[in-house]
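S.K.: First the structure, then my questions, so here it is.
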Amino acid sequence: MASEHTLPTVASLWAGDALTWLHELCLASYVHFGHEVVLFYVGPSAPSVPAGVVTRPSLDIWDHEADGHGDAPAAMLSDLFRLHLMKQTDMVWIDTDMLCLQPMPESDYYAGYEQAGAINSAVLRLPQDSETLELLLGWFADPEWVPHWLAGHLRRRIESEPEGKRLLKSFELIRPVLGPRALTHTMKRTGEAAHAQKASVFYPVRGVMSDVLFSGYVPKDHWKQDDTLAVHLYSSLLRRYHKLHRPEQNSFIARFAQEIGFDFGELKHQSQGTD
């Protein structure tokens with residue numbers, strides 16, 4: 001789909017085996033709206049991706065093992081990798097569960113508030129000279145660093161343990177600590193929070209309510225606003241049932257997939273009774 005805008009390249013990271021249909025749909029949505037899409041991957045070989053998506057090894061951007069983060073789980077690698085991506089390129093980071101609804105024009109900043117008030121990092125671009133970016137890269141370069149935005153009792157708990165990847169321990173204790181919590185704290189500290197978009201742009205649906213996007217009983221998309229560029233599907237919060245079955249007929253996800261010509265392949269249909 002052609003666009004009159006100059007569109008930035010969007011990029012994400014995949015650490016694991018094959019992509020699920022949900023992640024494929026999200027990547028395909030950015031291709032559909034005219035973005036160049038790059039999926040960086042961790043490991044010896046690239047996963048199969050939708051047509052139009054380019055794959056590149058994550059080592060092209062950052063060697064996490066050489067930097068002392070060899071034991072980091074996929075979600076933590078994602079939090080750290082996107083910082084190096086922004087420092088070295090002008091790509092816009094997207095989580096693989098962000099669904100594009102409109103082309104994203106070029107902008108120096110991309111970050112958005114969630115409805116609960118945090119600045120999420122599922123869509124993110126900071127300028128290469130961003131103070132926020134410099135601070136986060138500096139702090140997270142040390143595997144023993146303990147985030148100071150953790151509550152005091154949590155910091156003391158981590159600091160009381162023997163040295164040995166305390167940054168990883170912080171992540172294991174509070175998963176969003178290196179993502180939305182880090183971004184919210186640091187962008188507010190530097191004043192760059194003024195560049196964050198309101199919730200309707202990227203997070204029009206609360207994570208705990210994202211099941212509504214898969215329901216055939218919600219035919220009207222009242223959650224979508226004129227300024228909504230994408231919607232975060234919060235795959236970690238979705239019920240497993242949605243991930244294993246085709247979205248219900250007439251649901252937003254089913255209608256959107258049809259509009260962009262996405263093929264669900266052999267994904268089984270949802271049943272009317274027990275499954």
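Identifiers in the structure tokens: chain A, B, ... in order shown; residue index from 1 per chain; ligand index from 1 in order shown.
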With only C-alpha atoms counted and 9 Å as the cut-off, give the residues of segment 184-258 of chain A in contact with segment 126-140 of chain A, each with its shortest interatomic distance in Å and the pair that gives it, as JSON lines.
M.R.:
{"residue": "A:Thr186", "atom": "CA", "partner": "A:Thr132", "partner_atom": "CA", "distance": 5.7}
{"residue": "A:Met187", "atom": "CA", "partner": "A:Thr132", "partner_atom": "CA", "distance": 5.8}
{"residue": "A:Arg189", "atom": "CA", "partner": "A:Thr132", "partner_atom": "CA", "distance": 8.3}
{"residue": "A:Thr190", "atom": "CA", "partner": "A:Thr132", "partner_atom": "CA", "distance": 6.4}
{"residue": "A:Gly191", "atom": "CA", "partner": "A:Thr132", "partner_atom": "CA", "distance": 8.9}
{"residue": "A:Glu192", "atom": "CA", "partner": "A:Thr132", "partner_atom": "CA", "distance": 7.4}
S.K.: Quick one: contact table of segment 114-222 of chain A to segment 254-262 of chain A, 9 Å max, nearest atom pair and distance in Å to one decimal per residue, counting only C-alpha atoms, chain and number order, as JSON lines?
M.R.:
{"residue": "A:Leu213", "atom": "CA", "partner": "A:Ala254", "partner_atom": "CA", "distance": 8.9}
{"residue": "A:Phe214", "atom": "CA", "partner": "A:Ala254", "partner_atom": "CA", "distance": 7.5}
{"residue": "A:Gly216", "atom": "CA", "partner": "A:Ala254", "partner_atom": "CA", "distance": 8.6}
S.K.: Which distance in Å separates atom CA of Pro219 of chain A and atom CA of Phe252 of chain A, to one decimal?
M.R.: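 Between these atoms lies a distance of 7.2 Å.
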S.K.: Identify, on the basis of only C-alpha atoms, every residue whose closest approach to Pro176 of chain A does not exceed 10 Å; exclude the query and any residue fewer than 4 positions from it along the same chain; express the result as a VMD selection string.
M.R.: chain A and resid 75 to 76 79 120 to 121 170 to 172 180 to 183
S.K.: Which parts of segment 111-229 of chain A does DSSP call strand (DSSP E) when run on the backbone here, written out as a compact mmCIF listing (two decimals) with C-alpha atoms, in the first residue's frame?
M.R.:
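Written out: result_31.txt:
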# COMPACT_ATOMS: atom_id res chain seq x y z
CA ALA A 111 7.16 6.90 22.39
CA GLY A 112 3.69 6.66 23.83
CA TYR A 113 1.82 6.75 27.08
CA ILE A 119 5.51 5.44 28.83
CA ASN A 120 5.69 2.10 27.05
CA SER A 121 8.62 1.11 24.86
CA ALA A 122 6.76 -1.15 22.41
CA VAL A 123 7.15 1.61 19.80
CA LEU A 124 10.27 3.65 20.35
CA ARG A 125 12.58 6.06 18.63
S.K.: Can you list, as a PyMOL selection string, every protein, DNA or RNA residue that comes within 12 Å of segment 62-72 of chain A when you count only C-alpha atoms, leaving out same-chain residues fewer than 4 positions away?
M.R.: chain A and resi 13+15+40-43+56-58+76-89+137+140-145+164-172+175+178
S.K.: Can I get the residues of segment 224-270 of chain A within 6 Å of segment 193-209 of chain A, each with the closest pair of atoms and their distance in Å to one decimal, using only C-alpha atoms, sorted chain first then ascending number, as a tab-separated table?
M.R.:
residue	atom	partner	partner_atom	distance
A:Asp227	CA	A:Val201	CA	5.6
A:Thr228	CA	A:Val201	CA	4.1
A:Leu229	CA	A:Val201	CA	5.4
A:Ala230	CA	A:Phe202	CA	4.9
A:Val231	CA	A:Phe202	CA	5.2
A:His232	CA	A:Tyr203	CA	5.8
A:Tyr234	CA	A:Gly207	CA	5.6
S.K.: If we count only C-alpha atoms and set the cut-off at 7 Å, which residues sit around segment 19-36 of chain A, ignoring sequence neighbours fewer than 5 positions away in its own chain? Please answer as a PyMOL selection string.
M.R.: chain A and resi 1-3+7-10+47+49-50+52+96-100+102-103+260+262+264
S.K.: With all heavy atoms retained, could you export that selection as a short mmCIF file (atom, residue, chain, number, x, y, z; two decimals), in the first residue's frame?
M.R.:
data_model
loop_
_atom_site.label_atom_id
_atom_site.label_comp_id
_atom_site.auth_asym_id
_atom_site.auth_seq_id
_atom_site.Cartn_x
_atom_site.Cartn_y
_atom_site.Cartn_z
N MET A 1 0.85 -1.19 0.00
CA MET A 1 0.00 0.00 0.00
C MET A 1 0.88 1.24 0.00
O MET A 1 1.68 1.46 0.90
CB MET A 1 -0.91 0.00 1.24
CG MET A 1 -1.81 1.22 1.34
SD MET A 1 -2.94 1.05 2.75
CE MET A 1 -3.82 2.60 2.60
N ALA A 2 0.78 2.05 -1.00
CA ALA A 2 1.64 3.23 -1.12
C ALA A 2 1.22 4.30 -0.13
O ALA A 2 0.09 4.38 0.30
CB ALA A 2 1.56 3.77 -2.54
N SER A 3 2.16 5.16 0.23
CA SER A 3 1.88 6.25 1.15
C SER A 3 2.52 7.52 0.64
O SER A 3 3.57 7.49 0.00
CB SER A 3 2.43 5.92 2.55
OG SER A 3 2.37 7.06 3.39
N LEU A 7 8.42 7.32 5.04
CA LEU A 7 8.22 6.40 6.15
C LEU A 7 9.55 5.90 6.70
O LEU A 7 10.45 5.53 5.93
CB LEU A 7 7.37 5.21 5.71
CG LEU A 7 6.00 5.54 5.11
CD1 LEU A 7 5.27 4.25 4.75
CD2 LEU A 7 5.17 6.38 6.07
N PRO A 8 9.68 5.83 8.01
CA PRO A 8 10.90 5.27 8.59
C PRO A 8 10.90 3.75 8.50
O PRO A 8 9.85 3.11 8.40
CB PRO A 8 10.80 5.72 10.06
CG PRO A 8 9.32 5.80 10.32
CD PRO A 8 8.72 6.30 9.03
N THR A 9 12.08 3.19 8.52
CA THR A 9 12.22 1.74 8.64
C THR A 9 11.89 1.34 10.07
O THR A 9 12.31 2.01 11.02
CB THR A 9 13.65 1.30 8.29
OG1 THR A 9 13.93 1.65 6.93
CG2 THR A 9 13.83 -0.20 8.47
N VAL A 10 11.15 0.27 10.23
CA VAL A 10 10.84 -0.25 11.57
C VAL A 10 11.57 -1.56 11.76
O VAL A 10 11.84 -2.28 10.80
CB VAL A 10 9.32 -0.42 11.79
CG1 VAL A 10 8.60 0.91 11.64
CG2 VAL A 10 8.74 -1.46 10.83
N PRO A 47 14.34 -16.91 11.34
CA PRO A 47 13.05 -17.58 11.25
C PRO A 47 12.38 -17.25 9.92
O PRO A 47 12.77 -16.31 9.23
CB PRO A 47 12.27 -16.96 12.42
CG PRO A 47 12.85 -15.58 12.54
CD PRO A 47 14.31 -15.74 12.23
N VAL A 49 9.67 -15.57 7.75
CA VAL A 49 8.99 -14.29 7.98
C VAL A 49 8.02 -13.99 6.84
O VAL A 49 8.16 -14.55 5.74
CB VAL A 49 10.00 -13.13 8.12
CG1 VAL A 49 10.86 -13.31 9.37
CG2 VAL A 49 10.87 -13.01 6.88
N PRO A 50 7.06 -13.09 7.06
CA PRO A 50 6.14 -12.71 5.98
C PRO A 50 6.88 -12.05 4.83
O PRO A 50 7.97 -11.49 4.99
CB PRO A 50 5.19 -11.73 6.67
CG PRO A 50 5.28 -12.04 8.12
CD PRO A 50 6.69 -12.48 8.34
N GLY A 52 8.24 -9.50 2.33
CA GLY A 52 8.56 -8.09 2.51
C GLY A 52 9.37 -7.78 3.74
O GLY A 52 9.90 -6.66 3.88
N THR A 96 7.11 -7.08 18.36
CA THR A 96 6.51 -7.93 17.33
C THR A 96 5.02 -8.17 17.56
O THR A 96 4.38 -8.87 16.77
CB THR A 96 7.23 -9.29 17.25
OG1 THR A 96 7.29 -9.87 18.56
CG2 THR A 96 8.64 -9.12 16.69
N ASP A 97 4.44 -7.58 18.62
CA ASP A 97 2.99 -7.66 18.80
C ASP A 97 2.33 -6.28 18.68
O ASP A 97 1.25 -6.05 19.21
CB ASP A 97 2.62 -8.32 20.13
CG ASP A 97 3.21 -7.61 21.34
OD1 ASP A 97 3.98 -6.65 21.16
OD2 ASP A 97 2.91 -8.04 22.48
N MET A 98 2.99 -5.38 17.93
CA MET A 98 2.39 -4.10 17.58
C MET A 98 1.76 -4.23 16.19
O MET A 98 2.43 -4.62 15.24
CB MET A 98 3.43 -2.98 17.55
CG MET A 98 3.91 -2.50 18.89
SD MET A 98 2.66 -1.74 19.96
CE MET A 98 1.97 -0.49 18.88
N LEU A 99 0.49 -3.89 16.09
CA LEU A 99 -0.24 -4.00 14.83
C LEU A 99 -0.39 -2.60 14.24
O LEU A 99 -0.98 -1.71 14.85
CB LEU A 99 -1.62 -4.61 15.08
CG LEU A 99 -2.42 -5.04 13.85
CD1 LEU A 99 -1.79 -6.26 13.20
CD2 LEU A 99 -3.87 -5.33 14.24
N CYS A 100 0.14 -2.40 13.03
CA CYS A 100 0.12 -1.10 12.38
C CYS A 100 -1.25 -0.84 11.76
O CYS A 100 -1.79 -1.68 11.03
CB CYS A 100 1.19 -1.06 11.29
SG CYS A 100 1.34 0.53 10.45
N GLN A 102 -1.98 2.66 10.60
CA GLN A 102 -1.73 3.76 9.68
C GLN A 102 -0.22 3.88 9.50
O GLN A 102 0.55 3.52 10.39
CB GLN A 102 -2.26 5.09 10.22
CG GLN A 102 -3.74 5.21 10.38
CD GLN A 102 -4.12 6.65 10.71
OE1 GLN A 102 -3.89 7.57 9.92
NE2 GLN A 102 -4.71 6.85 11.89
N PRO A 103 0.22 4.41 8.35
CA PRO A 103 1.67 4.65 8.19
C PRO A 103 2.18 5.62 9.24
O PRO A 103 1.49 6.57 9.63
CB PRO A 103 1.76 5.26 6.79
CG PRO A 103 0.50 4.89 6.10
CD PRO A 103 -0.54 4.83 7.17
N ILE A 260 -5.86 -6.81 4.77
CA ILE A 260 -4.48 -6.76 4.27
C ILE A 260 -4.09 -8.05 3.55
O ILE A 260 -2.94 -8.21 3.13
CB ILE A 260 -3.46 -6.45 5.39
CG1 ILE A 260 -3.30 -7.62 6.36
CG2 ILE A 260 -3.87 -5.18 6.14
CD1 ILE A 260 -2.11 -7.44 7.30
N PHE A 262 -3.99 -11.22 4.79
CA PHE A 262 -3.18 -12.12 5.60
C PHE A 262 -3.83 -13.50 5.65
O PHE A 262 -5.03 -13.64 5.88
CB PHE A 262 -3.03 -11.59 7.02
CG PHE A 262 -2.18 -12.44 7.92
CD1 PHE A 262 -0.80 -12.38 7.85
CD2 PHE A 262 -2.76 -13.33 8.81
CE1 PHE A 262 0.00 -13.18 8.66
CE2 PHE A 262 -1.98 -14.12 9.63
CZ PHE A 262 -0.60 -14.05 9.56
N PHE A 264 -4.25 -17.09 7.41
CA PHE A 264 -4.07 -17.79 8.69
C PHE A 264 -3.59 -19.22 8.50
O PHE A 264 -3.32 -19.91 9.49
CB PHE A 264 -5.38 -17.80 9.49
CG PHE A 264 -5.75 -16.47 10.05
CD1 PHE A 264 -6.80 -15.74 9.51
CD2 PHE A 264 -5.06 -15.93 11.12
CE1 PHE A 264 -7.16 -14.51 10.03
CE2 PHE A 264 -5.41 -14.70 11.65
CZ PHE A 264 -6.46 -13.99 11.11
#
S.K.: As a ChimeraX atom specification, please: every residue in segment 1-160 of chain A that DSSP puts in helix (DSSP H, G or I).
M.R.: /A:21-32,58-60,74-88,131-140,152-159
S.K.: One number please: atom CA of Glu106 of chain A to atom CA of Thr6 of chain A, in Å, one decimal.
M.R.: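 Separating atom CA of Glu106 of chain A from atom CA of Thr6 of chain A is a distance of 6.2 Å.
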S.K.: Report the distance between atom CA of Leu150 of chain A and atom CA of Ala118 of chain A in Å, rounded to one decimal place.
M.R.: 14.6 Å
